[in-house]
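Listing of input.pdb, PDB, C-alpha atoms, pLDDT in the B column
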ATOM      1  CA  MET A   1      45.973  81.341  45.594  1.00 36.00           C
ATOM      2  CA  ARG A   2      46.310  78.966  42.655  1.00 39.00           C
ATOM      3  CA  LYS A   3      43.293  77.856  40.685  1.00 38.00           C
ATOM      4  CA  LYS A   4      43.198  74.416  39.155  1.00 40.00           C
ATOM      5  CA  LYS A   5      40.720  73.073  36.615  1.00 42.00           C
ATOM      6  CA  GLU A   6      39.524  69.615  37.608  1.00 44.00           C
ATOM      7  CA  ASN A   7      38.725  66.790  35.155  1.00 46.00           C
ATOM      8  CA  ASP A   8      34.993  67.311  35.719  1.00 43.00           C
ATOM      9  CA  GLY A   9      35.250  70.956  34.600  1.00 43.00           C
ATOM     10  CA  SER A  10      35.023  72.427  38.099  1.00 38.00           C
ATOM     11  CA  ILE A  11      37.657  74.777  39.447  1.00 41.00           C
ATOM     12  CA  SER A  12      39.338  74.218  42.787  1.00 36.00           C
ATOM     13  CA  ALA A  13      41.387  76.782  44.669  1.00 35.00           C
ATOM     14  CA  GLN A  14      44.600  76.033  46.490  1.00 38.00           C
ATOM     15  CA  PHE A  15      45.910  78.591  48.966  1.00 31.00           C
ATOM     16  CA  SER A  16      49.654  79.054  49.331  1.00 35.00           C
ATOM     17  CA  THR A  17      49.272  79.653  53.071  1.00 34.00           C
ATOM     18  CA  PRO A  18      46.388  78.321  55.116  1.00 35.00           C
ATOM     19  CA  PRO A  19      44.023  80.855  56.654  1.00 34.00           C
ATOM     20  CA  PRO A  20      44.595  81.596  60.356  1.00 36.00           C
ATOM     21  CA  LEU A  21      42.975  79.015  62.601  1.00 35.00           C
ATOM     22  CA  ARG A  22      40.936  79.562  65.712  1.00 40.00           C
ATOM     23  CA  TYR A  23      38.102  77.065  65.474  1.00 41.00           C
ATOM     24  CA  PHE A  24      38.774  73.455  64.586  1.00 42.00           C
ATOM     25  CA  PRO A  25      36.269  70.734  63.786  1.00 45.00           C
ATOM     26  CA  THR A  26      37.407  67.629  65.677  1.00 50.00           C
ATOM     27  CA  MET A  27      34.294  65.462  65.643  1.00 54.00           C
ATOM     28  CA  PRO A  28      30.835  65.911  64.132  1.00 59.00           C
ATOM     29  CA  ASP A  29      29.489  67.599  67.265  1.00 81.00           C
ATOM     30  CA  ARG A  30      32.686  69.348  68.390  1.00 88.00           C
ATOM     31  CA  THR A  31      34.100  72.762  67.702  1.00 92.00           C
ATOM     32  CA  LEU A  32      37.345  73.695  69.373  1.00 95.00           C
ATOM     33  CA  ALA A  33      38.174  77.285  70.300  1.00 96.00           C
ATOM     34  CA  ILE A  34      41.791  77.868  71.341  1.00 97.00           C
ATOM     35  CA  ALA A  35      42.814  81.071  73.107  1.00 97.00           C
ATOM     36  CA  ASN A  36      46.517  81.596  73.739  1.00 97.00           C
ATOM     37  CA  ARG A  37      46.641  84.377  76.329  1.00 96.00           C
ATOM     38  CA  HIS A  38      50.190  83.686  77.462  1.00 97.00           C
ATOM     39  CA  PRO A  39      52.666  86.184  75.996  1.00 96.00           C
ATOM     40  CA  ARG A  40      55.524  83.677  75.607  1.00 97.00           C
ATOM     41  CA  LEU A  41      53.692  80.486  74.668  1.00 98.00           C
ATOM     42  CA  ARG A  42      54.010  79.179  71.138  1.00 97.00           C
ATOM     43  CA  LEU A  43      51.663  76.342  70.356  1.00 96.00           C
ATOM     44  CA  ASP A  44      50.760  74.204  67.403  1.00 94.00           C
ATOM     45  CA  ARG A  45      46.999  74.745  67.142  1.00 95.00           C
ATOM     46  CA  ARG A  46      46.607  71.852  64.724  1.00 95.00           C
ATOM     47  CA  GLY A  47      48.496  69.613  67.153  1.00 96.00           C
ATOM     48  CA  VAL A  48      46.209  70.624  70.015  1.00 97.00           C
ATOM     49  CA  ALA A  49      43.191  69.983  67.782  1.00 95.00           C
ATOM     50  CA  ALA A  50      44.602  66.558  66.864  1.00 95.00           C
ATOM     51  CA  ALA A  51      44.981  65.705  70.556  1.00 97.00           C
ATOM     52  CA  ILE A  52      41.370  66.651  71.299  1.00 96.00           C
ATOM     53  CA  ALA A  53      40.205  64.743  68.212  1.00 94.00           C
ATOM     54  CA  ALA A  54      42.087  61.646  69.409  1.00 95.00           C
ATOM     55  CA  LEU A  55      40.475  61.896  72.845  1.00 96.00           C
ATOM     56  CA  ASP A  56      37.049  62.492  71.299  1.00 94.00           C
ATOM     57  CA  ALA A  57      37.521  59.438  69.069  1.00 93.00           C
ATOM     58  CA  HIS A  58      37.824  57.130  72.105  1.00 92.00           C
ATOM     59  CA  PRO A  59      35.034  58.133  74.509  1.00 91.00           C
ATOM     60  CA  ASP A  60      34.660  54.528  75.674  1.00 88.00           C
ATOM     61  CA  GLU A  61      38.022  54.786  77.439  1.00 88.00           C
ATOM     62  CA  CYS A  62      36.932  57.806  79.492  1.00 89.00           C
ATOM     63  CA  ARG A  63      33.349  57.539  80.787  1.00 91.00           C
ATOM     64  CA  GLY A  64      31.800  58.461  77.480  1.00 90.00           C
ATOM     65  CA  GLY A  65      34.144  61.386  76.914  1.00 92.00           C
ATOM     66  CA  CYS A  66      33.684  65.115  76.956  1.00 94.00           C
ATOM     67  CA  PRO A  67      30.158  66.278  76.031  1.00 93.00           C
ATOM     68  CA  PRO A  68      29.512  67.397  72.458  1.00 92.00           C
ATOM     69  CA  GLY A  69      29.557  71.048  71.504  1.00 94.00           C
ATOM     70  CA  GLU A  70      32.116  73.823  71.553  1.00 95.00           C
ATOM     71  CA  LEU A  71      35.120  73.109  73.735  1.00 96.00           C
ATOM     72  CA  SER A  72      37.149  76.154  74.682  1.00 97.00           C
ATOM     73  CA  LEU A  73      40.808  75.859  75.708  1.00 98.00           C
ATOM     74  CA  ALA A  74      42.501  78.874  77.258  1.00 97.00           C
ATOM     75  CA  PHE A  75      46.250  78.959  77.878  1.00 98.00           C
ATOM     76  CA  LEU A  76      46.850  81.557  80.603  1.00 96.00           C
ATOM     77  CA  THR A  77      49.461  83.053  82.910  1.00 96.00           C
ATOM     78  CA  ASP A  78      49.459  82.179  86.613  1.00 95.00           C
ATOM     79  CA  ALA A  79      48.069  85.639  87.430  1.00 94.00           C
ATOM     80  CA  ALA A  80      45.183  85.330  84.954  1.00 95.00           C
ATOM     81  CA  LEU A  81      44.216  81.859  86.161  1.00 95.00           C
ATOM     82  CA  ALA A  82      44.479  82.932  89.823  1.00 92.00           C
ATOM     83  CA  LYS A  83      42.073  85.780  89.051  1.00 92.00           C
ATOM     84  CA  LEU A  84      39.571  83.342  87.541  1.00 91.00           C
ATOM     85  CA  HIS A  85      40.087  81.067  90.529  1.00 90.00           C
ATOM     86  CA  GLY A  86      39.252  83.955  92.862  1.00 90.00           C
ATOM     87  CA  ASP A  87      36.376  85.344  90.810  1.00 91.00           C
ATOM     88  CA  PHE A  88      34.565  82.056  90.226  1.00 89.00           C
ATOM     89  CA  LEU A  89      35.717  79.744  93.024  1.00 84.00           C
ATOM     90  CA  ALA A  90      36.392  82.263  95.815  1.00 85.00           C
ATOM     91  CA  ASP A  91      40.027  81.134  96.059  1.00 87.00           C
ATOM     92  CA  PRO A  92      42.553  83.616  94.606  1.00 85.00           C
ATOM     93  CA  SER A  93      45.501  81.224  94.892  1.00 83.00           C
ATOM     94  CA  GLU A  94      47.405  79.954  91.872  1.00 84.00           C
ATOM     95  CA  THR A  95      46.292  76.642  90.408  1.00 89.00           C
ATOM     96  CA  ASP A  96      47.098  74.512  87.375  1.00 94.00           C
ATOM     97  CA  VAL A  97      43.706  73.858  85.737  1.00 96.00           C
ATOM     98  CA  ILE A  98      40.182  75.213  86.070  1.00 96.00           C
ATOM     99  CA  THR A  99      37.329  73.620  84.176  1.00 96.00           C
ATOM    100  CA  PHE A 100      33.954  75.224  83.604  1.00 96.00           C
ATOM    101  CA  GLU A 101      31.118  72.923  82.622  1.00 95.00           C
ATOM    102  CA  GLY A 102      29.233  73.950  79.534  1.00 95.00           C
ATOM    103  CA  GLU A 103      25.630  73.565  78.492  1.00 93.00           C
ATOM    104  CA  PRO A 104      25.485  70.676  76.010  1.00 84.00           C
ATOM    105  CA  LEU A 105      21.896  71.486  75.016  1.00 88.00           C
ATOM    106  CA  ALA A 106      23.138  74.938  73.964  1.00 92.00           C
ATOM    107  CA  GLY A 107      26.064  73.397  72.062  1.00 92.00           C
ATOM    108  CA  LEU A 108      28.677  74.206  74.707  1.00 95.00           C
ATOM    109  CA  ALA A 109      30.873  71.393  76.039  1.00 96.00           C
ATOM    110  CA  GLY A 110      32.757  73.612  78.482  1.00 97.00           C
ATOM    111  CA  GLU A 111      35.963  75.521  78.973  1.00 97.00           C
ATOM    112  CA  VAL A 112      39.365  74.333  80.151  1.00 98.00           C
ATOM    113  CA  CYS A 113      41.731  77.024  81.450  1.00 97.00           C
ATOM    114  CA  VAL A 114      45.330  75.976  82.074  1.00 98.00           C
ATOM    115  CA  SER A 115      48.299  77.745  83.606  1.00 97.00           C
ATOM    116  CA  VAL A 116      51.281  77.745  81.289  1.00 98.00           C
ATOM    117  CA  ASP A 117      53.502  79.151  84.062  1.00 97.00           C
ATOM    118  CA  THR A 118      52.619  76.368  86.502  1.00 97.00           C
ATOM    119  CA  ALA A 119      53.296  73.726  83.851  1.00 97.00           C
ATOM    120  CA  ALA A 120      56.652  75.317  83.012  1.00 97.00           C
ATOM    121  CA  ALA A 121      57.725  75.586  86.658  1.00 96.00           C
ATOM    122  CA  TYR A 122      56.678  72.016  87.448  1.00 97.00           C
ATOM    123  CA  ALA A 123      58.345  70.610  84.326  1.00 97.00           C
ATOM    124  CA  LYS A 124      61.570  72.427  85.157  1.00 96.00           C
ATOM    125  CA  LYS A 125      61.535  71.329  88.815  1.00 97.00           C
ATOM    126  CA  GLN A 126      60.778  67.691  87.944  1.00 97.00           C
ATOM    127  CA  ARG A 127      63.023  67.699  84.853  1.00 97.00           C
ATOM    128  CA  ILE A 128      60.224  66.528  82.600  1.00 97.00           C
ATOM    129  CA  ASP A 129      59.072  67.661  79.176  1.00 97.00           C
ATOM    130  CA  PHE A 130      57.125  70.949  79.234  1.00 97.00           C
ATOM    131  CA  SER A 131      54.867  69.882  76.336  1.00 97.00           C
ATOM    132  CA  ALA A 132      53.928  66.663  78.133  1.00 97.00           C
ATOM    133  CA  GLU A 133      53.084  68.553  81.330  1.00 98.00           C
ATOM    134  CA  LEU A 134      50.947  71.148  79.554  1.00 98.00           C
ATOM    135  CA  THR A 135      49.212  68.376  77.582  1.00 98.00           C
ATOM    136  CA  LEU A 136      48.464  66.654  80.895  1.00 98.00           C
ATOM    137  CA  TYR A 137      46.686  69.834  82.052  1.00 98.00           C
ATOM    138  CA  VAL A 138      44.556  69.878  78.885  1.00 98.00           C
ATOM    139  CA  VAL A 139      43.748  66.170  79.356  1.00 98.00           C
ATOM    140  CA  HIS A 140      42.915  66.798  83.025  1.00 98.00           C
ATOM    141  CA  GLY A 141      40.379  69.464  82.087  1.00 98.00           C
ATOM    142  CA  TRP A 142      38.890  67.302  79.314  1.00 98.00           C
ATOM    143  CA  LEU A 143      38.463  64.484  81.856  1.00 97.00           C
ATOM    144  CA  HIS A 144      36.694  66.820  84.292  1.00 97.00           C
ATOM    145  CA  LEU A 145      34.206  67.580  81.519  1.00 97.00           C
ATOM    146  CA  ALA A 146      33.863  63.818  80.960  1.00 96.00           C
ATOM    147  CA  GLY A 147      32.724  63.471  84.575  1.00 96.00           C
ATOM    148  CA  TYR A 148      35.904  62.729  86.499  1.00 97.00           C
ATOM    149  CA  ASP A 149      36.522  64.347  89.884  1.00 94.00           C
ATOM    150  CA  ASP A 150      39.704  64.590  91.925  1.00 93.00           C
ATOM    151  CA  LEU A 151      38.616  66.179  95.203  1.00 92.00           C
ATOM    152  CA  GLN A 152      38.587  62.950  97.207  1.00 95.00           C
ATOM    153  CA  PRO A 153      41.587  60.573  97.378  1.00 96.00           C
ATOM    154  CA  ALA A 154      39.769  57.577  95.854  1.00 97.00           C
ATOM    155  CA  LYS A 155      38.377  59.685  93.001  1.00 97.00           C
ATOM    156  CA  LYS A 156      41.770  61.298  92.500  1.00 96.00           C
ATOM    157  CA  ARG A 157      43.350  57.854  91.982  1.00 97.00           C
ATOM    158  CA  ILE A 158      40.675  57.017  89.391  1.00 97.00           C
ATOM    159  CA  MET A 159      41.359  60.305  87.602  1.00 96.00           C
ATOM    160  CA  ARG A 160      45.136  59.721  87.611  1.00 97.00           C
ATOM    161  CA  ARG A 161      44.588  56.330  85.952  1.00 97.00           C
ATOM    162  CA  ALA A 162      42.318  57.974  83.359  1.00 97.00           C
ATOM    163  CA  GLU A 163      44.995  60.626  82.719  1.00 97.00           C
ATOM    164  CA  ALA A 164      47.581  57.896  82.161  1.00 97.00           C
ATOM    165  CA  ARG A 165      45.256  56.070  79.727  1.00 96.00           C
ATOM    166  CA  ALA A 166      44.479  59.292  77.852  1.00 97.00           C
ATOM    167  CA  LEU A 167      48.156  60.268  77.548  1.00 97.00           C
ATOM    168  CA  ALA A 168      49.042  56.752  76.380  1.00 96.00           C
ATOM    169  CA  LEU A 169      46.264  57.012  73.781  1.00 95.00           C
ATOM    170  CA  LEU A 170      47.697  60.337  72.544  1.00 97.00           C
ATOM    171  CA  ARG A 171      51.194  58.836  72.301  1.00 96.00           C
ATOM    172  CA  ARG A 172      49.914  55.795  70.373  1.00 95.00           C
ATOM    173  CA  ALA A 173      47.998  58.088  68.017  1.00 94.00           C
ATOM    174  CA  GLY A 174      51.035  60.344  67.520  1.00 95.00           C
ATOM    175  CA  ALA A 175      48.866  63.197  68.788  1.00 96.00           C
ATOM    176  CA  MET A 176      50.973  64.732  71.553  1.00 97.00           C
ATOM    177  CA  PRO A 177      50.954  68.479  70.817  1.00 97.00           C
ATOM    178  CA  ARG A 178      54.143  70.508  71.013  1.00 97.00           C
ATOM    179  CA  PHE A 179      54.389  73.673  73.077  1.00 98.00           C
ATOM    180  CA  ARG A 180      57.297  76.066  73.431  1.00 96.00           C
ATOM    181  CA  LEU A 181      58.014  79.049  75.661  1.00 95.00           C
ATOM    182  CA  LYS A 182      59.937  81.954  74.246  1.00 93.00           C
ATOM    183  CA  ALA A 183      62.774  83.161  76.457  1.00 86.00           C
ATOM    184  CA  LYS A 184      61.998  85.986  78.857  1.00 83.00           C
ATOM    185  CA  ARG A 185      63.187  89.390  77.735  1.00 78.00           C
ATOM    186  CA  ARG A 186      65.860  90.920  79.901  1.00 72.00           C
TER     187      ARG A 186
END

Mind converting the file's structure to structure tokens?
Amino acid sequence: MRKKKENDGSISAQFSTPPPLRYFPTMPDRTLAIANRHPRLRLDRRGVAAAIAALDAHPDECRGGCPPGELSLAFLTDAALAKLHGDFLADPSETDVITFEGEPLAGLAGEVCVSVDTAAAYAKKQRIDFSAELTLYVVHGWLHLAGYDDLQPAKKRIMRRAEARALALLRRAGAMPRFRLKAKRR
């Protein structure tokens, strides 16, 4: 830490390395909690926070946006997400995203749980960018919290259009987070 005397006589501190981040303020009524529970995923937490901040800054484009309060993002393995799927939705199959609504009056926006493995497998199969696919899963969960549904074909088409708008917004804002998977050990 370096201390610096300001012109007004006060002393400011400058840290050589930033403290570890877990919670990120993204808007006045938003706290972001990021849990990376995937052993091989490397993510840029500030980049993820910037993406959420960009989405939060344009609620008019997505039905008023995600509710205020703490938003939790969990990056999980297929097995971990399948367990949640079974425990909470009575379906133990693998899935890509599960969203749990929060309680805005208690300061909880909700939780978005995404499968890193599913995103990686799909990106590889379709020959698309892994970061873009995983970002799509985060956007998908955020949109569920904003009130979008994808269980019926007509609603699914509306959600797909909202996903495309949200991803375009992130690209325009330069807020597409980067994700990387470490190689599997042999």

Find the spatial neighbours of Glu103 in chain A, counting all atoms listed in the file, within a cut-off of 12 Å - ignore same-chain residues fewer than 3 positions away - and output them as a VMD selection string. chain A and resid 66 to 71 100 106 to 111 145

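Counting all atoms listed in the file and comparing A:Arg63, A:His85, A:His38, A:Arg30, the residue that lies closest to Met159 in chain A is A:Arg63.
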
Shell of 12 Å around Ala54 in chain A, all atoms listed in the file, local chain residues under 5 positions omitted, as an NGL selection string: :A and (26-27 or 47-49 or 59 or 61-62 or 65-66 or 139 or 142 or 166-177)

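Across the structure, CA of Arg186 in chain A and CA of Arg45 in chain A are spaced 27.9 Å apart.
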
Please evaluate the PyMOL selection byres ((chain A and resi 76) around 9) against the structure above and give the resulting residues as a PyMOL selection string. chain A and resi 35-39+74-75+77-81+113-117

Output of the above residues as a PDB file, keeping the file's coordinate frame, restricted to C-alpha atoms:
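As written to disk, part_28.pdb reads:
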ATOM      1  CA  ALA A  35      42.814  81.071  73.107  1.00 97.00           C
ATOM      2  CA  ASN A  36      46.517  81.596  73.739  1.00 97.00           C
ATOM      3  CA  ARG A  37      46.641  84.377  76.329  1.00 96.00           C
ATOM      4  CA  HIS A  38      50.190  83.686  77.462  1.00 97.00           C
ATOM      5  CA  PRO A  39      52.666  86.184  75.996  1.00 96.00           C
ATOM      6  CA  ALA A  74      42.501  78.874  77.258  1.00 97.00           C
ATOM      7  CA  PHE A  75      46.250  78.959  77.878  1.00 98.00           C
ATOM      8  CA  THR A  77      49.461  83.053  82.910  1.00 96.00           C
ATOM      9  CA  ASP A  78      49.459  82.179  86.613  1.00 95.00           C
ATOM     10  CA  ALA A  79      48.069  85.639  87.430  1.00 94.00           C
ATOM     11  CA  ALA A  80      45.183  85.330  84.954  1.00 95.00           C
ATOM     12  CA  LEU A  81      44.216  81.859  86.161  1.00 95.00           C
ATOM     13  CA  CYS A 113      41.731  77.024  81.450  1.00 97.00           C
ATOM     14  CA  VAL A 114      45.330  75.976  82.074  1.00 98.00           C
ATOM     15  CA  SER A 115      48.299  77.745  83.606  1.00 97.00           C
ATOM     16  CA  VAL A 116      51.281  77.745  81.289  1.00 98.00           C
ATOM     17  CA  ASP A 117      53.502  79.151  84.062  1.00 97.00           C
TER      18      ASP A 117
END

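Nearest residue to Arg178 in chain A among A:Lys125, A:Thr135, A:Ile52, A:Pro104 is A:Thr135, counting only C-alpha atoms.
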
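Distances to Leu43 in chain A were evaluated for A:Thr31, A:Phe179, A:His144, A:Glu101 using all atoms listed in the file, and the minimum falls at A:Phe179.
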
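Of note, CA of Ala90 in chain A and CA of Glu163 in chain A are spaced 26.7 Å apart.
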
Find the distance between CA of Leu73 in chain A and CA of Leu151 in chain A and write it in Å to one decimal. 21.9 Å

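Of the listed residues A:Ala162, A:Ala120, A:Ala57, A:Lys182, the one whose atoms come nearest to Gly141 in chain A is A:Ala162, with distances taken using only C-alpha atoms.
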
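Residue nearest Leu32 in chain A within the list A:His58, A:Ser72, A:Val112, A:Arg46: A:Ser72 [criterion: smallest interatomic distance, all atoms listed in the file].
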
Select, from A:Ser93, A:Ala33, A:Ile158, A:Arg180, the residue with the minimum atom-to-atom distance to Glu133 in chain A, counting all atoms listed in the file. A:Arg180
